[in-house]
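Containing compact mmCIF, C-alpha atoms and all ligand atoms: data21.txt.
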# COMPACT_ATOMS: atom_id res chain seq x y z
CA MET A 15 28.78 -63.05 34.71
CA GLU A 16 31.11 -60.19 35.39
CA SER A 17 33.31 -61.04 32.45
CA GLN A 18 30.21 -61.11 30.24
CA LEU A 19 29.35 -57.64 31.49
CA GLN A 20 32.85 -56.48 30.80
CA GLN A 21 32.70 -57.89 27.29
CA ILE A 22 29.38 -56.19 26.52
CA ARG A 23 30.83 -52.95 27.81
CA GLU A 24 33.95 -53.08 25.68
CA GLU A 25 32.21 -54.16 22.52
CA GLY A 26 29.45 -51.61 23.02
CA LEU A 27 31.77 -48.66 23.61
CA THR A 28 33.86 -49.65 20.61
CA GLU A 29 30.80 -49.82 18.36
CA ILE A 30 29.54 -46.48 19.63
CA ALA A 31 32.88 -44.88 18.91
CA ALA A 32 32.93 -46.43 15.45
CA ALA A 33 29.34 -45.51 14.48
CA SER A 34 29.65 -43.04 11.61
CA SER A 35 26.02 -41.99 11.29
CA LEU A 36 23.00 -41.34 13.49
CA ALA A 37 21.30 -44.39 11.99
CA ALA A 38 24.24 -46.65 12.81
CA LEU A 39 24.32 -45.23 16.32
CA ASP A 40 20.64 -45.94 16.74
CA SER A 41 21.08 -49.59 15.83
CA VAL A 42 23.85 -49.87 18.47
CA ARG A 43 21.42 -48.37 20.97
CA VAL A 44 18.74 -50.93 20.08
CA LYS A 45 21.25 -53.76 20.18
CA MET A 46 22.28 -52.84 23.73
CA LEU A 47 19.39 -51.07 25.43
CA GLY A 48 16.42 -52.28 23.35
CA ARG A 49 13.97 -54.75 24.82
CA ALA A 50 15.94 -57.71 23.46
CA GLY A 51 19.26 -55.86 23.75
CA SER A 52 22.34 -57.28 25.41
CA ILE A 53 22.02 -55.22 28.59
CA SER A 54 18.33 -56.02 28.93
CA LEU A 55 19.06 -59.74 28.53
CA LEU A 56 21.80 -59.49 31.11
CA SER A 57 19.45 -57.93 33.62
CA GLN A 58 17.00 -60.75 33.01
CA SER A 59 19.68 -63.24 34.03
CA MET A 60 19.86 -61.55 37.45
CA LYS A 61 17.70 -64.34 38.83
CA ASP A 62 20.54 -66.81 38.16
CA VAL A 63 22.99 -64.84 40.25
CA ALA A 64 23.66 -65.98 43.80
CA LYS A 65 21.64 -63.94 46.26
CA GLU A 66 24.63 -62.41 48.04
CA ASN A 67 26.10 -61.22 44.73
CA ARG A 68 22.91 -59.62 43.40
CA PRO A 69 23.36 -56.14 44.92
CA ARG A 70 26.88 -55.83 43.52
CA PHE A 71 25.81 -57.17 40.17
CA GLY A 72 22.79 -54.89 40.06
CA LYS A 73 25.02 -51.93 40.77
CA LEU A 74 27.46 -52.91 38.01
CA LEU A 75 24.56 -53.35 35.59
CA ASN A 76 23.21 -49.88 36.39
CA GLU A 77 26.61 -48.34 35.96
CA LEU A 78 26.97 -50.04 32.61
CA ARG A 79 23.55 -48.79 31.45
CA GLU A 80 24.42 -45.23 32.48
CA GLU A 81 27.83 -45.36 30.86
CA VAL A 82 26.40 -46.65 27.59
CA THR A 83 23.57 -44.12 27.62
CA SER A 84 25.93 -41.20 28.16
CA SER A 85 28.36 -42.48 25.53
CA LEU A 86 25.49 -42.66 23.05
CA GLU A 87 24.48 -39.06 23.85
CA LYS A 88 28.02 -37.79 23.47
CA ARG A 89 28.42 -39.56 20.16
CA VAL A 90 25.12 -38.06 18.88
CA ALA A 91 26.38 -34.59 19.77
CA ALA A 92 29.73 -35.30 18.10
CA LEU A 93 28.08 -36.59 14.92
CA ASN A 94 25.79 -33.53 14.74
CA ALA A 95 28.77 -31.23 15.19
CA GLU A 96 30.58 -33.05 12.37
CA THR A 97 27.56 -32.59 10.06
CA ASP A 98 27.43 -28.86 10.91
CA GLN A 99 31.11 -28.58 10.20
CA VAL A 100 30.72 -30.15 6.77
CA LEU A 101 27.83 -27.79 5.97
CA LEU A 102 29.71 -24.73 7.16
CA SER A 103 32.86 -25.63 5.29
CA SER A 104 30.90 -25.72 2.04
CA LEU A 105 29.51 -22.18 2.59
CA ASP A 106 31.17 -19.36 0.70
CA PHE A 107 30.95 -16.30 2.92
CA THR A 108 32.47 -14.12 0.25
CA LEU A 109 29.43 -14.55 -2.05
CA PRO A 110 27.36 -11.34 -2.26
CA GLY A 111 24.13 -11.52 -0.18
CA THR A 112 20.57 -11.14 -1.43
CA CYS A 113 19.68 -7.48 -1.13
CA PRO A 114 16.03 -6.89 -0.09
CA GLU A 115 14.12 -4.85 -2.70
CA LEU A 116 13.17 -1.51 -1.18
CA GLY A 117 9.87 -0.09 -2.40
CA ALA A 118 9.24 3.59 -3.11
CA VAL A 119 6.31 5.97 -3.19
CA HIS A 120 4.81 6.23 -6.69
CA PRO A 121 5.31 9.71 -8.24
CA LEU A 122 1.53 10.21 -8.39
CA THR A 123 1.09 9.29 -4.74
CA ARG A 124 4.02 11.50 -3.79
CA LEU A 125 2.41 14.47 -5.57
CA LEU A 126 -0.97 13.77 -3.96
CA ASN A 127 0.60 13.45 -0.51
CA ARG A 128 2.33 16.80 -0.92
CA ALA A 129 -0.89 18.45 -2.14
CA VAL A 130 -2.92 17.02 0.76
CA GLU A 131 -0.28 18.20 3.21
CA VAL A 132 -0.45 21.81 1.96
CA PHE A 133 -4.27 21.93 1.97
CA ARG A 134 -4.36 20.38 5.45
CA ARG A 135 -2.32 23.31 6.71
CA MET A 136 -5.07 25.62 5.39
CA GLY A 137 -7.74 23.67 7.27
CA PHE A 138 -9.03 21.50 4.43
CA VAL A 139 -10.13 17.97 5.32
CA LEU A 140 -10.29 14.94 3.06
CA ALA A 141 -13.59 13.93 1.47
CA GLU A 142 -14.51 11.14 -0.89
CA GLY A 143 -17.25 9.76 -3.08
CA PRO A 144 -17.96 6.65 -5.16
CA ASP A 145 -16.41 6.06 -8.59
CA ILE A 146 -19.77 4.78 -9.88
CA GLU A 147 -22.12 7.74 -9.70
CA THR A 148 -25.66 8.81 -10.47
CA GLU A 149 -26.23 11.27 -13.28
CA TRP A 150 -27.64 13.66 -10.69
CA HIS A 151 -24.42 13.80 -8.61
CA CYS A 152 -22.22 14.04 -11.70
CA PHE A 153 -24.24 16.43 -13.88
CA ASP A 154 -27.71 17.67 -12.83
CA ALA A 155 -26.62 18.94 -9.41
CA LEU A 156 -23.66 20.64 -11.09
CA ASN A 157 -25.87 22.70 -13.41
CA THR A 158 -24.99 20.53 -16.39
CA PRO A 159 -28.25 19.99 -18.32
CA ALA A 160 -29.26 16.83 -20.19
CA ASP A 161 -28.21 18.27 -23.57
CA HIS A 162 -24.69 19.17 -22.40
CA PRO A 163 -22.02 17.47 -24.55
CA ALA A 164 -20.23 16.10 -21.43
CA ARG A 165 -23.25 13.82 -20.95
CA ASN A 166 -22.92 12.32 -24.40
CA GLU A 167 -22.58 8.54 -24.54
CA GLN A 168 -19.42 9.01 -26.57
CA ASP A 169 -17.84 10.96 -23.70
CA THR A 170 -18.89 8.93 -20.69
CA PHE A 171 -18.97 5.31 -19.52
CA TYR A 172 -22.62 4.52 -18.71
CA LEU A 173 -23.72 1.39 -16.86
CA PRO A 174 -26.85 -0.51 -18.00
CA ASP A 175 -28.77 0.84 -14.95
CA GLY A 176 -28.16 4.46 -15.99
CA ARG A 177 -25.38 5.18 -13.52
CA LEU A 178 -21.94 6.11 -14.84
CA LEU A 179 -18.24 6.22 -14.02
CA ARG A 180 -17.75 9.75 -12.73
CA THR A 181 -16.24 12.02 -15.36
CA HIS A 182 -14.76 14.34 -12.74
CA THR A 183 -14.25 14.50 -8.98
CA SER A 184 -16.67 17.44 -8.79
CA THR A 185 -19.18 14.76 -7.75
CA ILE A 186 -17.44 14.87 -4.37
CA GLN A 187 -18.67 18.47 -3.99
CA THR A 188 -22.24 17.31 -4.49
CA ARG A 189 -21.82 14.41 -2.07
CA VAL A 190 -20.35 16.62 0.65
CA MET A 191 -23.01 19.35 0.35
CA GLU A 192 -25.76 16.73 0.31
CA SER A 193 -24.65 15.33 3.67
CA GLN A 194 -22.96 18.19 5.54
CA ILE A 195 -23.82 21.79 6.37
CA PRO A 196 -21.55 24.83 5.93
CA PRO A 197 -18.88 25.79 6.74
CA ILE A 198 -17.32 23.27 4.35
CA ARG A 199 -13.63 23.10 3.57
CA VAL A 200 -12.75 19.85 1.78
CA ILE A 201 -10.40 18.39 -0.78
CA GLY A 202 -11.42 15.25 -2.62
CA PRO A 203 -8.84 13.25 -4.54
CA GLY A 204 -9.94 10.35 -6.72
CA ALA A 205 -10.18 8.62 -10.06
CA ALA A 206 -12.17 10.08 -12.96
CA TYR A 207 -13.15 8.37 -16.22
CA ARG A 208 -13.71 9.51 -19.78
CA ARG A 209 -14.06 7.80 -23.13
CA ASP A 210 -10.76 9.23 -24.26
CA GLU A 211 -8.56 7.56 -26.82
CA VAL A 212 -5.54 6.45 -24.72
CA ASP A 213 -2.31 7.98 -25.99
CA ALA A 214 0.87 9.63 -24.71
CA THR A 215 -1.10 12.44 -23.01
CA HIS A 216 -4.52 10.82 -22.34
CA LEU A 217 -5.77 8.04 -20.08
CA ALA A 218 -9.37 6.79 -19.91
CA GLN A 219 -8.94 6.58 -16.15
CA PHE A 220 -7.02 9.40 -14.53
CA ASN A 221 -6.75 11.20 -11.20
CA GLN A 222 -8.08 14.54 -10.06
CA LEU A 223 -8.03 16.61 -6.92
CA GLU A 224 -11.19 18.57 -6.14
CA GLY A 225 -11.54 21.39 -3.64
CA LEU A 226 -14.59 23.10 -2.14
CA TYR A 227 -14.93 25.92 0.35
CA VAL A 228 -18.41 27.08 1.39
CA ALA A 229 -19.11 29.58 4.19
CA PRO A 230 -20.71 33.01 4.63
CA ASP A 231 -18.86 35.68 2.62
CA VAL A 232 -16.37 33.57 0.69
CA THR A 233 -14.99 35.73 -2.11
CA LEU A 234 -12.91 35.47 -5.26
CA ALA A 235 -10.01 36.87 -3.23
CA ASP A 236 -10.19 33.78 -0.98
CA LEU A 237 -10.09 31.54 -4.04
CA LYS A 238 -7.09 33.34 -5.54
CA GLY A 239 -5.25 33.44 -2.21
CA THR A 240 -5.84 29.77 -1.48
CA VAL A 241 -4.87 28.51 -4.92
CA SER A 242 -1.85 30.84 -5.17
CA PHE A 243 -0.56 29.75 -1.76
CA PHE A 244 -1.04 26.12 -2.74
CA PHE A 245 0.89 26.26 -6.01
CA CYS A 246 3.67 28.38 -4.50
CA GLU A 247 4.08 25.84 -1.69
CA LEU A 248 4.14 23.04 -4.23
CA PHE A 249 6.52 24.61 -6.75
CA GLY A 250 8.40 27.32 -4.85
CA SER A 251 7.84 31.03 -4.25
CA GLY A 252 8.96 32.07 -7.76
CA THR A 253 5.83 30.43 -9.22
CA GLU A 254 3.61 32.69 -11.36
CA LEU A 255 -0.16 32.18 -11.67
CA ARG A 256 -2.59 33.39 -14.34
CA PHE A 257 -6.35 33.26 -13.85
CA ARG A 258 -7.85 33.06 -17.34
CA PRO A 259 -11.64 33.56 -17.66
CA HIS A 260 -13.33 30.35 -18.79
CA PHE A 261 -16.69 28.60 -18.58
CA PHE A 262 -17.74 25.78 -16.27
CA PRO A 263 -21.45 25.10 -15.71
CA PHE A 264 -21.01 24.79 -11.94
CA THR A 265 -19.06 28.00 -11.24
CA GLU A 266 -19.68 31.67 -12.05
CA PRO A 267 -17.35 33.37 -12.69
CA SER A 268 -15.03 30.56 -13.78
CA TYR A 269 -11.32 30.52 -14.55
CA GLU A 270 -8.62 28.26 -15.80
CA ILE A 271 -5.38 28.54 -13.88
CA ASP A 272 -2.10 28.65 -15.78
CA ILE A 273 1.19 28.21 -13.97
CA ARG A 274 4.72 29.14 -14.92
CA THR A 275 7.49 27.73 -12.79
CA GLN A 276 11.02 26.37 -12.99
CA ALA A 277 9.83 22.91 -11.92
CA LEU A 278 7.64 22.76 -15.03
CA GLY A 279 10.19 24.01 -17.54
CA ASN A 280 9.39 27.72 -17.09
CA ARG A 281 6.58 27.80 -19.66
CA TRP A 282 2.90 28.55 -19.08
CA MET A 283 0.90 25.39 -18.39
CA GLU A 284 -2.84 25.08 -17.95
CA LEU A 285 -3.27 23.20 -14.68
CA ALA A 286 -6.65 23.67 -13.06
CA GLY A 287 -10.23 24.87 -13.33
CA CYS A 288 -11.87 26.95 -10.63
CA GLY A 289 -14.54 29.48 -9.85
CA MET A 290 -17.21 30.71 -7.46
CA VAL A 291 -19.88 28.06 -6.88
CA ASP A 292 -22.86 28.86 -9.15
CA PRO A 293 -26.06 29.69 -7.18
CA ALA A 294 -27.81 27.09 -9.37
CA VAL A 295 -25.64 24.40 -7.70
CA PHE A 296 -26.64 25.64 -4.23
CA GLU A 297 -30.31 25.58 -5.32
CA ALA A 298 -30.03 22.00 -6.68
CA VAL A 299 -28.44 20.85 -3.42
CA SER A 300 -31.08 22.73 -1.37
CA ALA A 301 -33.93 21.07 -3.30
CA ARG A 302 -32.35 17.68 -2.61
CA ARG A 303 -31.74 18.38 1.09
CA GLY A 304 -35.11 20.04 1.64
CA ASP A 305 -33.62 22.84 3.77
CA ARG A 306 -32.00 26.26 3.30
CA ALA A 307 -28.53 25.42 4.68
CA TYR A 308 -27.14 26.34 1.25
CA ASP A 309 -29.27 29.43 0.63
CA PRO A 310 -27.19 31.36 -1.97
CA GLU A 311 -28.37 34.61 -0.35
CA LEU A 312 -26.60 33.63 2.88
CA ILE A 313 -23.53 31.67 1.84
CA SER A 314 -21.04 31.57 -1.00
CA GLY A 315 -18.16 29.36 -1.97
CA PHE A 316 -15.36 28.54 -4.32
CA ALA A 317 -14.37 25.29 -6.00
CA PHE A 318 -11.43 24.07 -8.00
CA GLY A 319 -10.28 20.87 -9.63
CA PHE A 320 -7.16 19.69 -11.37
CA GLY A 321 -5.65 16.59 -12.89
CA LEU A 322 -2.79 14.94 -11.04
CA ASP A 323 -1.45 12.64 -13.77
CA ARG A 324 -0.35 15.25 -16.26
CA LEU A 325 1.14 17.30 -13.45
CA ALA A 326 3.13 14.30 -12.18
CA MET A 327 4.17 13.61 -15.75
CA ASN A 328 5.56 17.12 -16.19
CA LEU A 329 7.18 17.21 -12.76
CA THR A 330 9.08 13.99 -13.44
CA SER A 331 9.74 14.89 -17.12
CA ILE A 332 8.40 11.63 -18.50
CA PRO A 333 7.36 11.61 -22.17
CA ASP A 334 4.34 9.29 -21.93
CA ILE A 335 1.52 9.47 -19.35
CA ARG A 336 0.94 5.72 -19.66
CA MET A 337 4.22 5.10 -17.85
CA LEU A 338 2.44 6.19 -14.66
CA VAL A 339 0.06 3.24 -14.75
CA GLU A 340 2.02 0.44 -16.40
CA ASN A 341 3.76 -0.67 -13.18
CA ASP A 342 6.99 -1.27 -15.03
CA MET A 343 9.73 -1.72 -12.41
CA ARG A 344 12.40 -0.45 -14.82
CA PHE A 345 10.55 2.89 -14.81
CA LEU A 346 9.38 2.95 -11.20
CA SER A 347 12.67 1.91 -9.57
CA GLN A 348 14.21 5.30 -10.50
CA PHE A 349 11.98 6.98 -7.87
CA ARG A 350 13.54 5.13 -4.93
N1 LIG B 401 -14.48 19.30 -13.07
C1 LIG B 401 -13.64 20.08 -13.98
C2 LIG B 401 -13.00 19.14 -14.99
O1 LIG B 401 -12.99 17.96 -14.79
C3 LIG B 401 -12.57 20.79 -13.22
C4 LIG B 401 -13.15 21.86 -12.36
C5 LIG B 401 -13.34 23.13 -12.88
C6 LIG B 401 -13.52 21.60 -11.06
C7 LIG B 401 -13.86 24.13 -12.10
C8 LIG B 401 -14.06 22.60 -10.27
C9 LIG B 401 -14.22 23.87 -10.81
O2 LIG B 401 -14.43 22.39 -9.02
O3 LIG B 401 -14.73 24.84 -10.04
O4 LIG B 401 -12.52 19.62 -15.98
Once you've parsed the file, please lay out its structure as structure tokens.
Amino acid sequence: MESQLQQIREEGLTEIAAASSLAALDSVRVKMLGRAGSISLLSQSMKDVAKENRPRFGKLLNELREEVTSSLEKRVAALNAETDQVLLSSLDFTLPGTCPELGAVHPLTRLLNRAVEVFRRMGFVLAEGPDIETEWHCFDALNTPADHPARNEQDTFYLPDGRLLRTHTSTIQTRVMESQIPPIRVIGPGAAYRRDEVDATHLAQFNQLEGLYVAPDVTLADLKGTVSFFFCELFGSGTELRFRPHFFPFTEPSYEIDIRTQALGNRWMELAGCGMVDPAVFEAVSARRGDRAYDPELISGFAFGFGLDRLAMNLTSIPDIRMLVENDMRFLSQFR
């Protein structure tokens, strides 16, 4: 019996040492420790052993089982280490790694963020409105009568239900005055839409930034001061501004603002529209609200609006405005 045990031990340990894969090792384990394995069979023959020898034999059997089990575990660890070694030796640590692509802020967003930051410092808060608007919010409330050319079907995207894609962010003025009482100091960035032929300087969907300030005794001096401060912060203190009389239905008097600055090639550029809110706008809003919070005898205000796309285009010296919306990585990656 003891010699049998010795034989199983020697053969087993030799096979474990020789096993060259985890699968081979597992079949050695089954052959020895499995239900019909050699060690299990040996323990079944315990009943044939003389009573006085059983404790000693039982002890030897246990020792054998433990020795085999620990040899199996050690061999598993050794085989795994060998596999790791093979994997590692085939790795080339001198190969260049994969560099993660770093994103960047889009030039339009960067310009908008800077603009918002400057207006925030002057106490303006952000406002918004829907892209799909009623004719009232886009035109009627802004003193733009039904026969005004801006309302022409050729100029505007109308929906079958009579609503339209807003042609300017001035709708945000109407929305704010409809729902809030003075004093109002807001800027409203957003998309605007026109039936423009898309070319190097025109998009049918573009971006504007609107501003509105309504309070008792707001004057043209406030408008000029605010807008001048803004553009000088944006482009540097050497920036020159020109307020050129113009016409907008919703402001009186109205101006276009021209800018000359190094950042824009030192030539005059028309950048924005502005003016003092027309009393007719306050009256339209008052009729809608049913109160006198916007009584033009008691309050006044200024408004302005300008396009962000063309400004971003000139600031980054790109030749075609469409580059701003094409999401071409070859173009965008230069702004990292
Ligand atoms: N809404 C005008 C446009 O799209 C820009 C504008 C002009 C906005 C004068 C204003 C303003 O608020 O007062 O051309």
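Distance annotation: of A:Leu173, A:Ile335, A:Ala164, A:Leu248, the residue with the minimal separation from ligand LIG 401 (chain B) is A:Ala164; atom set is all atoms listed in the file.
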A:Ala218, A:Asp305, A:Arg180, A:Arg324 ranked by distance to ligand LIG 401 (chain B), top pick (using all atoms listed in the file)
A:Arg180
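Between A:Arg189 and the candidates A:Ala206, A:Ala155, A:Gln168, A:Gln219, the tightest atom-to-atom separation, counting all atoms listed in the file, involves A:Ala155.
The list of residues within 8 Å of (-2.0, 35.7, -8.6), counted using all atoms listed in the file, is Lys238, Gly239, Ser242, Glu254, Leu255, Arg256 and Phe257 of chain A.
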Mind dumping the selected residues with C-alpha atoms as a CSV table (one decimal), in the coordinates of the input?
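What follows is the written file part-v2.csv:
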chain,number,residue,atom,x,y,z
A,238,LYS,CA,-7.1,33.3,-5.5
A,239,GLY,CA,-5.2,33.4,-2.2
A,242,SER,CA,-1.8,30.8,-5.2
A,254,GLU,CA,3.6,32.7,-11.4
A,255,LEU,CA,-0.2,32.2,-11.7
A,256,ARG,CA,-2.6,33.4,-14.3
A,257,PHE,CA,-6.4,33.3,-13.8
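Residues in contact with ligand LIG 401 (chain B) comprise His182, Ser184, Glu224, Phe262, Thr265, Gly287, Cys288, Gly289, Ala317, Phe318, Gly319 and Phe320 of chain A, where contact means an atom-to-atom distance of at most 6 Å counting all atoms listed in the file.
Considering the residues A:Val100, A:Ile30, A:Leu312, A:Leu322 and counting only C-alpha atoms, A:Leu217 has its shortest atom-to-atom contact with A:Leu322.
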Name the residues in contact with A:Tyr308 at a cut-off of 9 Å, using all atoms listed in the file, excluding same-chain residues fewer than 4 positions from it; report them as a PyMOL selection string.
chain A and resi 191+195-196+228+296-297+299-300+312-314
State, in Å with one decimal place, the distance from atom CA of A:Val291 to atom CA of A:Arg124.
29.2 Å
Any chance you could model N, CA and C atoms for stretch 213-226 of chain A and send them as a compact mmCIF listing (two decimals), keeping the file's coordinate frame?
# COMPACT_ATOMS: atom_id res chain seq x y z
N ASP A 213 -3.56 7.72 -25.27
CA ASP A 213 -2.31 7.98 -25.99
C ASP A 213 -1.28 8.57 -25.02
N ALA A 214 -0.24 9.18 -25.56
CA ALA A 214 0.87 9.63 -24.71
C ALA A 214 0.44 10.69 -23.69
N THR A 215 -0.68 11.40 -23.95
CA THR A 215 -1.10 12.44 -23.01
C THR A 215 -2.51 12.20 -22.47
N HIS A 216 -3.15 11.09 -22.81
CA HIS A 216 -4.52 10.82 -22.34
C HIS A 216 -4.65 9.42 -21.76
N LEU A 217 -5.39 9.34 -20.65
CA LEU A 217 -5.77 8.04 -20.08
C LEU A 217 -7.29 8.03 -19.95
N ALA A 218 -7.92 6.87 -20.09
CA ALA A 218 -9.37 6.79 -19.91
C ALA A 218 -9.73 6.81 -18.43
N GLN A 219 -8.77 6.42 -17.60
CA GLN A 219 -8.94 6.58 -16.15
C GLN A 219 -7.77 7.42 -15.66
N PHE A 220 -8.09 8.52 -14.99
CA PHE A 220 -7.02 9.40 -14.53
C PHE A 220 -7.37 9.90 -13.12
N ASN A 221 -6.55 10.77 -12.59
CA ASN A 221 -6.75 11.20 -11.20
C ASN A 221 -6.91 12.71 -11.09
N GLN A 222 -7.87 13.11 -10.27
CA GLN A 222 -8.08 14.54 -10.06
C GLN A 222 -8.06 14.86 -8.57
N LEU A 223 -7.88 16.15 -8.29
CA LEU A 223 -8.03 16.61 -6.92
C LEU A 223 -9.04 17.76 -6.93
N GLU A 224 -10.10 17.59 -6.18
CA GLU A 224 -11.19 18.57 -6.14
C GLU A 224 -11.07 19.37 -4.86
N GLY A 225 -11.51 20.60 -4.88
CA GLY A 225 -11.54 21.39 -3.64
C GLY A 225 -12.84 22.15 -3.55
N LEU A 226 -13.35 22.34 -2.33
CA LEU A 226 -14.59 23.10 -2.14
C LEU A 226 -14.53 23.83 -0.81
